[in-house]
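> Enclosed is the structure file protein-v7.cif (mmCIF, C-alpha atoms).
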data_entry
#
loop_
_atom_site.label_atom_id
_atom_site.label_comp_id
_atom_site.auth_asym_id
_atom_site.auth_seq_id
_atom_site.Cartn_x
_atom_site.Cartn_y
_atom_site.Cartn_z
CA MET N 103 213.05 190.83 134.61
CA ARG N 104 211.40 189.31 131.54
CA LEU N 105 209.08 186.41 132.36
CA ASN N 106 209.33 183.19 130.40
CA PRO N 107 206.86 183.82 127.51
CA GLU N 108 205.52 180.25 127.53
CA LEU N 109 205.12 180.37 131.32
CA ARG N 110 203.33 183.73 131.04
CA ARG N 111 200.95 182.32 128.44
CA GLN N 112 200.18 179.30 130.62
CA LEU N 113 199.60 181.50 133.66
CA TRP N 114 197.03 183.52 131.73
CA LEU N 115 195.31 180.30 130.67
CA GLU N 116 195.36 178.49 134.01
CA LEU N 117 194.83 181.19 136.62
CA SER N 118 191.75 183.32 137.11
CA LEU N 119 190.24 185.15 140.06
CA HIS N 120 187.46 182.58 140.25
CA ARG N 121 189.91 179.67 140.44
CA LEU N 122 192.12 181.41 142.98
CA LEU N 123 189.17 182.00 145.30
CA ALA N 124 187.35 178.71 144.69
CA ALA N 125 190.26 176.34 145.34
CA PRO N 126 190.91 177.18 149.03
CA LEU N 127 187.15 177.39 149.64
CA VAL N 128 186.51 173.89 148.24
CA ILE N 129 189.49 172.49 150.16
CA ALA N 130 188.21 174.09 153.37
CA ILE N 131 184.74 172.60 152.87
CA LEU N 132 186.12 169.09 152.29
CA LEU N 133 188.43 169.36 155.30
CA GLY N 134 185.51 170.57 157.41
CA VAL N 135 183.37 167.62 156.37
CA SER N 136 186.17 165.16 157.19
CA ALA N 137 186.67 166.80 160.61
CA ILE N 138 182.95 166.58 161.43
CA LEU N 139 182.72 162.89 160.50
CA THR N 140 185.42 161.74 162.92
CA GLU N 141 186.47 162.34 166.50
CA ASP N 142 190.21 162.12 165.72
CA VAL N 143 190.47 165.38 163.79
CA ALA N 144 194.20 165.68 163.02
CA PRO N 145 194.65 162.28 161.27
CA ALA N 146 191.41 162.86 159.34
CA LEU N 147 192.63 166.25 158.11
CA ALA N 148 196.01 164.76 157.16
CA LEU N 149 194.36 161.91 155.25
CA THR N 150 191.98 164.26 153.41
CA ALA N 151 194.80 166.64 152.51
CA ALA N 152 196.92 163.73 151.23
CA LEU N 153 194.07 162.38 149.10
CA LEU N 154 193.35 165.83 147.65
CA PHE N 155 197.05 166.27 146.86
CA MET N 156 197.11 162.92 145.07
CA LEU N 157 194.02 163.66 143.02
CA VAL N 158 194.72 167.30 142.16
CA THR N 159 198.49 167.68 142.02
CA VAL N 160 199.62 164.18 141.11
CA ALA N 161 196.86 162.80 138.86
CA TRP N 162 195.38 165.97 137.38
CA GLY N 163 198.73 167.79 137.33
CA SER N 164 200.35 164.94 135.38
CA ALA N 165 197.45 164.92 132.93
CA GLN N 166 197.83 168.68 132.51
CA SER N 167 201.55 168.40 131.77
CA TYR N 168 200.75 165.70 129.20
CA ASN N 169 197.96 167.79 127.62
CA SER N 170 200.18 170.87 127.45
CA MET N 171 201.82 169.31 124.39
CA VAL N 172 199.08 167.07 122.99
CA GLU N 173 196.49 169.85 122.94
CA GLU N 174 198.92 172.09 121.05
CA LEU N 175 199.04 169.54 118.25
CA SER N 176 195.33 168.75 118.24
CA GLY N 177 194.54 172.50 118.27
CA ARG N 178 197.06 173.09 115.44
CA THR N 179 198.89 175.78 117.40
CA TRP N 180 202.17 173.91 117.82
CA ASP N 181 203.61 175.06 114.49
CA ASN N 182 203.29 178.69 115.59
CA GLN N 183 205.16 177.95 118.80
CA ARG N 184 207.77 175.87 117.00
CA MET N 185 208.53 178.74 114.63
CA SER N 186 209.00 181.23 117.49
CA ASN N 187 212.36 182.03 119.04
CA ILE N 188 211.61 180.20 122.31
CA GLY N 189 214.39 177.72 123.15
CA PRO N 190 213.84 174.14 124.31
CA ALA N 191 214.77 174.82 127.96
CA THR N 192 212.39 177.79 128.13
CA MET N 193 209.63 175.82 126.43
CA VAL N 194 209.96 172.84 128.80
CA ALA N 195 210.05 175.03 131.90
CA GLY N 196 207.04 177.01 130.69
CA LYS N 197 204.94 173.96 129.94
CA LEU N 198 205.89 172.03 133.08
CA LEU N 199 205.48 174.90 135.51
CA GLY N 200 202.75 176.78 133.68
CA SER N 201 200.34 173.97 132.84
CA THR N 202 200.45 172.66 136.42
CA VAL N 203 200.40 176.01 138.22
CA PHE N 204 196.80 175.69 139.43
CA ALA N 205 197.41 172.07 140.46
CA TRP N 206 200.36 173.31 142.54
CA TYR N 207 198.37 176.23 143.92
CA SER N 208 195.86 173.74 145.32
CA GLY N 209 198.49 171.13 146.14
CA LEU N 210 200.67 173.45 148.21
CA ILE N 211 197.65 174.32 150.35
CA CYS N 212 197.11 170.60 150.91
CA LEU N 213 200.79 170.05 151.70
CA ALA N 214 200.73 172.86 154.25
CA ILE N 215 197.76 171.24 155.97
CA LEU N 216 199.45 167.83 155.76
CA ALA N 217 202.63 169.20 157.35
CA GLY N 218 200.66 170.70 160.23
CA THR N 219 198.40 167.74 160.97
CA LEU N 220 200.40 164.62 160.06
CA PRO N 221 201.29 162.68 163.22
CA GLU N 222 204.58 160.83 163.60
CA PRO N 223 203.62 157.26 164.54
CA ALA N 224 206.15 154.45 164.73
CA TRP N 225 205.25 153.08 161.28
CA LEU N 226 206.58 156.27 159.66
CA ALA N 227 210.11 155.61 160.93
CA PRO N 228 212.70 156.49 159.77
CA TRP N 229 210.70 159.27 158.11
CA SER N 230 209.66 162.46 159.87
CA SER N 231 206.48 164.33 158.95
CA MET N 232 208.39 166.98 156.99
CA GLU N 233 210.35 164.34 155.09
CA VAL N 234 207.03 162.75 154.09
CA VAL N 235 205.83 166.14 152.83
CA PHE N 236 209.03 166.65 150.82
CA GLY N 237 208.68 163.12 149.47
CA CYS N 238 205.14 163.90 148.27
CA LEU N 239 206.36 167.13 146.65
CA LEU N 240 209.23 165.44 144.80
CA SER N 241 207.03 162.51 143.76
CA ALA N 242 204.52 164.94 142.24
CA LEU N 243 207.31 166.77 140.37
CA LEU N 244 208.57 163.41 139.15
CA LEU N 245 205.20 162.23 137.85
CA GLN N 246 204.33 165.58 136.28
CA GLY N 247 207.68 165.46 134.50
CA PHE N 248 206.80 161.94 133.40
CA GLY N 249 203.57 163.28 131.88
CA LEU N 250 205.37 165.82 129.70
CA PHE N 251 208.18 163.39 128.86
CA PHE N 252 205.68 160.74 127.76
CA ALA N 253 203.82 163.27 125.58
CA LEU N 254 207.05 164.40 123.91
CA LEU N 255 208.11 160.79 123.42
CA GLU N 256 204.80 159.97 121.73
CA ILE N 257 204.89 163.06 119.52
CA SER N 258 208.50 162.52 118.46
CA ALA N 259 207.53 158.98 117.44
CA GLY N 260 204.51 160.32 115.52
CA LYS N 261 201.88 158.92 117.91
CA GLY N 262 200.69 161.90 119.90
CA ARG N 263 198.41 163.78 117.52
CA GLU N 264 195.18 162.14 118.51
CA GLY N 265 195.71 162.51 122.29
CA GLY N 266 192.96 161.14 124.53
CA ARG N 267 195.29 159.42 126.97
CA SER N 268 195.34 161.98 129.75
CA ARG N 269 192.85 160.07 131.88
CA GLN N 270 194.81 156.85 131.60
CA LEU N 271 197.97 158.76 132.42
CA GLY N 272 196.32 160.27 135.50
CA LEU N 273 195.35 156.83 136.77
CA LEU N 274 198.84 155.52 136.00
CA THR N 275 200.49 158.33 137.95
CA LEU N 276 198.21 157.63 140.93
CA LEU N 277 199.38 154.02 140.84
CA LEU N 278 203.03 155.06 140.54
CA PHE N 279 202.64 157.55 143.39
CA TRP N 280 201.14 154.83 145.59
CA MET N 281 204.00 152.47 144.68
CA ILE N 282 206.62 155.11 145.54
CA MET N 283 204.99 155.75 148.91
CA GLN N 284 204.69 152.02 149.57
CA LEU N 285 208.35 151.38 148.81
CA ALA N 286 209.45 154.26 151.01
CA LEU N 287 207.00 153.98 153.90
CA SER N 288 206.03 150.30 154.00
CA PRO N 289 205.58 149.00 157.57
CA GLY N 290 208.19 146.82 159.19
CA ARG N 291 211.14 149.05 158.41
CA GLU N 292 211.45 150.67 161.80
CA ALA N 293 214.91 149.20 162.34
CA GLU N 294 216.15 150.01 158.84
CA THR N 295 217.02 153.63 159.44
CA GLN N 296 220.16 153.39 157.30
CA LEU N 297 220.91 152.13 153.84
CA GLU N 298 224.23 150.89 152.46
CA TRP N 299 225.33 152.17 149.06
CA PHE N 300 228.83 151.43 147.74
CA GLY N 301 229.84 150.43 151.25
CA THR N 302 228.75 153.70 152.88
CA LEU N 303 225.78 153.99 155.24
CA TYR N 304 223.22 156.70 154.46
CA ASP N 305 220.05 157.78 156.20
CA ARG N 306 217.27 155.92 154.36
CA ALA N 307 214.86 158.86 154.21
CA ASN N 308 217.49 161.32 152.95
CA PHE N 309 218.78 158.81 150.39
CA THR N 310 215.25 158.28 149.06
CA LEU N 311 214.65 162.03 148.77
CA TRP N 312 217.92 162.56 146.91
CA SER N 313 217.07 159.63 144.62
CA LEU N 314 213.68 161.19 143.83
CA LEU N 315 215.38 164.52 143.13
CA ALA N 316 217.80 162.81 140.74
CA CYS N 317 214.89 161.14 138.92
CA VAL N 318 213.14 164.52 138.61
CA GLY N 319 216.30 166.01 137.14
CA TRP N 320 216.70 163.19 134.61
CA LEU N 321 213.07 163.40 133.49
CA TRP N 322 213.27 167.16 133.03
CA PHE N 323 216.56 166.76 131.16
CA GLY N 324 215.01 164.06 128.96
CA SER N 325 212.09 166.38 128.21
CA TYR N 326 214.58 169.12 127.27
CA ARG N 327 216.40 166.82 124.84
CA LEU N 328 213.17 165.65 123.21
CA MET N 329 211.94 169.24 122.95
CA ALA N 330 215.24 170.24 121.36
CA GLY N 331 214.69 167.60 118.70
CA MET N 332 211.15 168.82 118.04
CA LEU N 333 212.40 172.41 117.70
CA ALA N 334 215.08 171.28 115.22
CA VAL N 335 217.90 172.13 117.63
CA ARG N 336 220.71 169.73 116.80
CA THR N 337 222.17 167.88 119.77
CA ILE N 338 224.62 165.00 120.04
CA PRO N 339 222.81 162.07 121.73
CA TRP N 340 225.09 161.79 124.75
CA GLY N 341 222.15 162.08 127.15
CA SER N 342 221.08 158.46 126.66
CA LEU N 343 224.63 157.30 127.40
CA ALA N 344 224.83 159.47 130.52
CA PHE N 345 221.50 158.14 131.83
CA THR N 346 222.54 154.53 131.17
CA LEU N 347 225.79 155.08 133.07
CA PHE N 348 223.99 156.78 135.95
CA LEU N 349 221.37 154.05 136.30
CA THR N 350 224.02 151.33 136.08
CA TYR N 351 226.21 152.75 138.83
CA TYR N 352 223.16 153.63 140.94
CA LEU N 353 221.90 150.04 140.90
CA ALA N 354 225.37 148.53 141.32
CA GLY N 355 225.85 150.49 144.53
CA PHE N 356 223.29 148.35 146.34
CA GLU N 357 225.45 145.24 145.94
CA ALA N 358 228.13 144.24 148.42
CA PRO N 359 231.14 146.59 148.16
CA ARG N 360 233.56 143.90 146.99
CA THR N 361 231.21 142.68 144.24
CA ALA N 362 229.70 146.01 143.12
CA SER N 363 232.60 146.85 140.78
CA ASP N 364 232.55 143.32 139.30
CA LEU N 365 228.81 143.53 138.62
CA ILE N 366 228.87 146.91 136.85
CA ALA N 367 229.28 145.27 133.42
CA PRO N 368 226.44 142.70 133.75
CA ILE N 369 224.14 145.22 135.44
CA GLY N 370 224.95 147.79 132.76
CA SER N 371 224.16 145.21 130.08
CA LEU N 372 220.73 144.52 131.56
CA VAL N 373 220.02 148.25 131.99
CA ALA N 374 221.00 148.79 128.35
CA LEU N 375 218.74 145.88 127.37
CA VAL N 376 215.66 147.52 128.90
CA LEU N 377 216.50 151.00 127.55
CA LEU N 378 217.26 149.50 124.13
CA TYR N 379 213.76 148.08 123.79
CA ILE N 380 212.18 151.33 125.00
CA GLY N 381 214.37 153.54 122.80
CA GLY N 382 214.03 151.36 119.71
CA TRP N 383 210.27 151.15 120.07
CA MET N 384 209.76 154.88 120.60
CA ALA N 385 212.34 156.24 118.11
CA PRO N 386 211.18 157.68 114.75
CA ARG N 387 211.39 154.88 112.17
CA ASP N 388 209.97 156.59 109.09
CA TRP N 389 211.86 156.39 105.81
CA GLY N 390 212.83 160.08 105.95
CA SER N 391 214.57 159.77 109.34
CA VAL N 392 216.36 156.55 108.37
CA ARG N 393 217.47 157.92 105.00
CA ARG N 394 218.74 161.15 106.55
CA SER N 395 220.84 159.25 109.10
CA LEU N 396 222.26 156.84 106.50
CA TRP N 397 223.04 159.71 104.12
CA THR N 398 225.02 161.66 106.71
CA TRP N 399 227.06 158.59 107.64
CA ARG N 400 227.72 157.81 103.97
CA ARG N 401 229.10 161.34 103.56
CA LEU N 402 231.31 160.74 106.64
CA ALA N 403 229.92 163.94 108.18
CA VAL N 404 230.45 162.59 111.68
CA GLY N 405 229.23 165.65 113.56
CA GLU N 406 225.99 165.84 111.60
CA ALA N 407 225.59 162.06 111.63
CA LEU N 408 225.74 161.94 115.41
CA THR N 409 222.85 164.38 115.63
CA THR N 410 220.68 162.22 113.34
CA THR N 411 221.52 158.87 114.92
CA PRO N 412 218.81 157.51 117.27
CA GLY N 413 219.80 157.38 120.93
CA TRP N 414 219.16 153.63 121.15
CA VAL N 415 222.15 152.99 118.87
CA ASN N 416 224.53 154.49 121.45
CA ILE N 417 222.85 152.49 124.22
CA ALA N 418 223.26 149.31 122.15
CA LEU N 419 226.97 149.96 121.58
CA LEU N 420 227.56 150.65 125.27
CA GLY N 421 225.55 147.59 126.28
CA LEU N 422 227.41 145.34 123.85
CA GLY N 423 230.73 146.60 125.19
CA TRP N 424 229.69 145.77 128.74
CA ALA N 425 228.21 142.43 127.69
CA LEU N 426 231.41 141.49 125.83
CA TRP N 427 233.45 142.33 128.93
CA ALA N 428 231.11 140.20 131.06
CA ALA N 429 231.43 137.31 128.60
CA LEU N 430 235.25 137.46 128.56
CA HIS N 431 235.52 137.82 132.37
CA PRO N 432 233.31 135.07 133.83
CA ASP N 433 234.66 135.61 137.36
CA TRP N 434 231.73 137.91 138.20
CA ALA N 435 229.37 134.92 137.93
CA VAL N 436 231.43 132.67 140.24
CA PRO N 437 229.81 133.92 143.50
CA MET N 438 226.42 133.03 141.97
CA ALA N 439 227.48 129.55 140.88
CA ASP N 440 225.49 127.76 143.58
CA ALA N 441 222.24 129.65 142.90
CA ALA N 442 222.65 130.16 139.14
CA PRO N 443 220.63 127.85 136.87
CA SER N 444 223.52 127.60 134.40
CA PRO N 445 227.33 127.58 134.53
CA LEU N 446 227.23 129.80 131.41
CA LEU N 447 225.58 132.75 133.15
CA HIS N 448 228.36 135.07 131.95
CA LEU N 449 227.14 134.61 128.35
CA LEU N 450 223.55 135.61 129.12
CA PRO N 451 223.97 139.44 128.83
CA ILE N 452 225.48 139.39 125.34
CA THR N 453 222.98 136.78 124.15
CA LEU N 454 220.01 138.82 125.37
CA LEU N 455 221.37 142.02 123.81
CA LEU N 456 221.83 140.31 120.45
CA ILE N 457 218.26 139.02 120.65
CA ALA N 458 217.08 142.57 121.48
CA LEU N 459 218.91 143.94 118.44
CA ARG N 460 217.26 141.26 116.34
CA ASP N 461 213.85 142.36 117.60
CA ILE N 462 214.61 146.06 116.95
CA ALA N 463 215.83 145.24 113.43
CA LEU N 464 212.60 143.31 112.87
CA LEU N 465 210.63 146.36 114.01
CA TYR N 466 212.50 148.58 111.52
CA LEU N 467 211.91 145.98 108.80
CA PHE N 468 208.13 146.31 109.19
CA SER N 469 208.29 150.08 109.73
CA LEU N 470 209.90 150.55 106.32
CA GLY N 471 207.35 148.30 104.60
CA GLN N 472 204.21 149.14 102.70
CA ARG N 473 202.06 149.53 105.83
CA PRO N 474 204.20 151.27 108.48
CA GLN N 475 201.11 152.07 110.59
CA ARG N 476 200.86 148.36 111.42
CA ALA N 477 204.57 147.90 112.01
CA GLU N 478 204.46 147.71 115.80
CA LEU N 479 201.60 145.21 115.85
CA MET N 480 203.24 142.99 113.23
CA ALA N 481 206.63 143.18 114.94
CA ALA N 482 205.06 142.33 118.30
CA ILE N 483 203.33 139.28 116.79
CA TYR N 484 206.52 138.04 115.13
CA ILE N 485 208.60 138.66 118.27
CA LEU N 486 206.02 136.75 120.32
CA LEU N 487 206.18 133.87 117.85
CA LEU N 488 209.98 133.89 117.90
CA HIS N 489 210.01 133.68 121.70
CA THR N 490 207.18 131.17 122.19
CA ALA N 491 205.56 129.27 119.34
CA LEU N 492 208.63 128.78 117.12
CA PRO N 493 210.84 127.34 119.91
CA ALA N 494 208.02 124.96 120.87
CA LEU N 495 207.65 123.79 117.26
CA LEU N 496 211.38 123.35 116.69
CA ASN N 497 211.71 121.60 120.02
CA LEU N 498 209.51 118.82 118.62
CA LEU N 499 212.03 118.52 115.77
CA ASP N 500 215.02 118.60 118.16
CA LEU N 501 216.00 121.96 116.66
CA ALA N 502 214.99 124.32 119.48
CA TRP N 503 218.47 125.83 119.52
CA LEU N 504 217.71 127.54 116.20
CA ALA N 505 215.05 129.71 117.83
CA SER N 506 216.17 129.88 121.47
CA PRO N 507 219.81 130.96 121.74
CA ALA N 508 219.28 132.22 125.30
CA TRP N 509 217.63 128.96 126.37
CA MET N 510 220.76 127.10 125.24
CA LEU N 511 222.54 128.52 128.26
CA PHE N 512 220.16 126.67 130.57
CA GLU N 513 219.18 123.53 128.66
CA PRO N 514 221.99 120.93 128.59
CA THR N 515 220.16 118.70 126.08
CA LEU N 516 220.63 121.27 123.32
CA LEU N 517 223.88 122.10 121.53
CA PRO N 518 226.75 123.32 123.74
CA GLY N 519 225.50 126.44 125.54
CA SER N 520 228.49 128.48 124.43
CA TRP N 521 226.95 128.47 120.95
CA GLY N 522 224.09 130.63 122.22
CA PRO N 523 225.61 134.03 121.30
CA TRP N 524 226.60 132.72 117.87
CA ILE N 525 223.07 131.50 117.13
CA ALA N 526 221.72 134.88 118.29
CA THR N 527 224.24 136.61 116.00
CA LEU N 528 223.12 134.41 113.09
CA GLN N 529 219.49 135.37 113.66
CA LEU N 530 220.45 139.04 113.91
CA LEU N 531 222.43 138.92 110.66
CA LEU N 532 219.51 137.26 108.90
CA VAL N 533 217.08 140.02 109.93
CA VAL N 534 219.68 142.71 109.11
CA ALA N 535 220.09 141.18 105.63
CA LEU N 536 216.32 141.39 105.12
CA LEU N 537 216.41 144.99 106.38
CA GLY N 538 219.23 145.82 103.95
CA TRP N 539 217.18 144.37 101.12
CA ARG N 540 214.22 146.49 102.22
CA LEU N 541 216.40 149.64 102.25
CA ARG N 542 217.71 148.92 98.76
CA ASP N 543 214.14 148.34 97.59
CA ARG N 544 213.06 151.73 99.05
CA ARG N 545 215.94 153.49 97.29
CA THR N 546 214.99 151.97 93.94
CA PRO N 547 212.77 154.42 91.99
#
What is this file in structure tokens?


Amino acid sequence: MRLNPELRRQLWLELSLHRLLAAPLVIAILLGVSAILTEDVAPALALTAALLFMLVTVAWGSAQSYNSMVEELSGRTWDNQRMSNIGPATMVAGKLLGSTVFAWYSGLICLAILAGTLPEPAWLAPWSSMEVVFGCLLSALLLQGFGLFFALLEISAGKGREGGRSRQLGLLTLLLFWMIMQLALSPGREAETQLEWFGTLYDRANFTLWSLLACVGWLWFGSYRLMAGMLAVRTIPWGSLAFTLFLTYYLAGFEAPRTASDLIAPIGSLVALVLLYIGGWMAPRDWGSVRRSLWTWRRLAVGEALTTTPGWVNIALLGLGWALWAALHPDWAVPMADAAPSPLLHLLPITLLLIALRDIALLYLFSLGQRPQRAELMAAIYILLLHTALPALLNLLDLAWLASPAWMLFEPTLLPGSWGPWIATLQLLLVVALLGWRLRDRRTP
């Protein structure tokens, strides 16, 4: 059987006889020291093994998966790999499994010790020791996948050539790992052995493990799609739509069964709102990418145009569809009438999405200007002013509704709140008109 060439290359780089012998020896020394310093040996060994797993497999492994791409660019070896016949799936598997192989070699030793020494006190309920071990394993896979995904996202947006963020990423993954463990194992949940999702009761520990596995799958799939784009493999951007749908239905399942179906549209709108900002901010916004996409649509080459359209556009269309449904069917907001700060809550999703589109259009406006390297900073400053300083100034002139269409839904002293989406649309059209002028100016020789 032919071994994955990228995985084989990484194995040659990461594994050596010295490393293979030194890792278990160092782990044994540290475990011996922890056993000598305490009378309660088993918990001390379990704690030491868990800390080593966090430092080596989670933090360092995530940094290694991030560096597996960034170092290729900084070392100017990526072009050689990109021109080879290695496919995106093979490349992702090779970099994820190969760059972290030594971290997993050490981590699996730690997990074996953790499985053999971890006690099962009451505060672990409803988790067993083996479920905790599997949770650690899946969390490490998740965060290592996040490292590679983040590197690919940076590189595809033209921001990953300088690197230097692996240490920060390692610290971030330690924080995320701690948060995952806290959410799953926090004390006081002894009685909550089951969890309700879409009206069906599930074992909490098993549900959490399956959720972590799903997140791992989505991150690896996202890395595959980004890698496909970097290798010039044309793909239709249905992955962003599929992830938005998955996350929407996943979150809606935690609501009461009779309201979960009614809340799919507003929840989907808010999920699309978050992903829209992330996708719009990280998508390539250079003139070449924008011109290529516009040119394919102008030629009505739908198949080719879909492959050049940024994924955030599909998320925006899906989110607007959900938000429009939520606006035209206000019944979903009736059960929240007593707690809601506004009777116009059903208009909030579409208003927020229109504001988000305005902000993304503003970002593209600066990205296509004379100084695109400062586009994000300038857009962030203008967006901050639009959300804070400008409403405060216009409020003094009794014109706050011009800058705060979302606030109109909650402030009865302004114009009728139902005007909120229309004011947001007006602001969006104004920025789009400026963007259209900028595009025409770029096309002019």

> Since I can't run it myself right now, could you work out what the PyMOL selection byres ((chain N and resi 112) around 8) selects here and report it as a PyMOL selection string?

chain N and resi 108-111+113-116+196-197+200-201

> List the residues matched by the PyMOL selection byres ((chain N and resi 314) around 12) in the displayed structure as JSON, numbers by chain, ordered by chain and then by residue number.

{"N": [236, 237, 238, 239, 240, 241, 242, 243, 244, 245, 247, 279, 282, 283, 286, 307, 308, 309, 310, 311, 312, 313, 315, 316, 317, 318, 319, 320, 321]}

> I'd like the contact shell of range 340-356 of chain N - 7 Å cut-off, all atoms listed in the file, skipping same-chain residues fewer than 3 positions apart - returned as an MDAnalysis selection string.

chainID N and resid 298:300 362 365:366 369:370 373:374 413 416:417

> CA of Thr219 in chain N to CA of Pro126 in chain N: how many Å, to one decimal?

17.0 Å

> Need the shell around Ala477 in chain N: protein/DNA/RNA residues with any atom at most 7 Å away, counting all atoms listed in the file. Skip same-chain ones fewer than 6 positions apart. Format as a ChimeraX atom specification?

/N:465,468-469

> Can you pull out the residues contacting Val160 in chain N? Cut-off 7 Å, using all atoms listed in the file, and skip same-chain residues under 3 positions away; I want them as a short mmCIF file (atom, residue, chain, number, x, y, z; two decimals) with C-alpha atoms, in the frame of the given file.


data_model
loop_
_atom_site.label_atom_id
_atom_site.label_comp_id
_atom_site.auth_asym_id
_atom_site.auth_seq_id
_atom_site.Cartn_x
_atom_site.Cartn_y
_atom_site.Cartn_z
CA PHE N 155 197.05 166.27 146.86
CA MET N 156 197.11 162.92 145.07
CA LEU N 157 194.02 163.66 143.02
CA GLY N 163 198.73 167.79 137.33
CA SER N 164 200.35 164.94 135.38
CA ALA N 242 204.52 164.94 142.24
CA LEU N 245 205.20 162.23 137.85
CA GLN N 246 204.33 165.58 136.28
CA THR N 275 200.49 158.33 137.95
CA LEU N 276 198.21 157.63 140.93
#

> In Å, rounded to a single decimal, give me how far CA of Leu464 in chain N is from CA of Arg540 in chain N.

11.2 Å

> I'd like the interatomic distance between CA of Ala367 in chain N and CA of Ala428 in chain N, to a tenth of an Å.

5.9 Å

> Decode the PyMOL selection byres ((chain N and resi 479-485) around 10) for the given file into explicit residues and return them as a ChimeraX atom specification.

/N:457-458,460-469,473-478,486-492

> Could you pull the residues within 10 Å of Gly189 in chain N, counting only C-alpha atoms, minus those fewer than 6 positions along the same chain, as a PyMOL selection string?

chain N and resi 326+329-330+333+335

> Hey, which of N:Trp162, N:Trp206, N:Tyr168, N:Phe248 ends up closest to Ala125 in chain N? Count all atoms listed in the file.

N:Trp206

> Find the residue from N:Gln472, N:Ser391, N:Ser170, N:Ser208 that sits nearest to Val158 in chain N; use all atoms listed in the file when measuring.

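Looking at the shortest contact to Val158 in chain N, the residue is N:Ser208.
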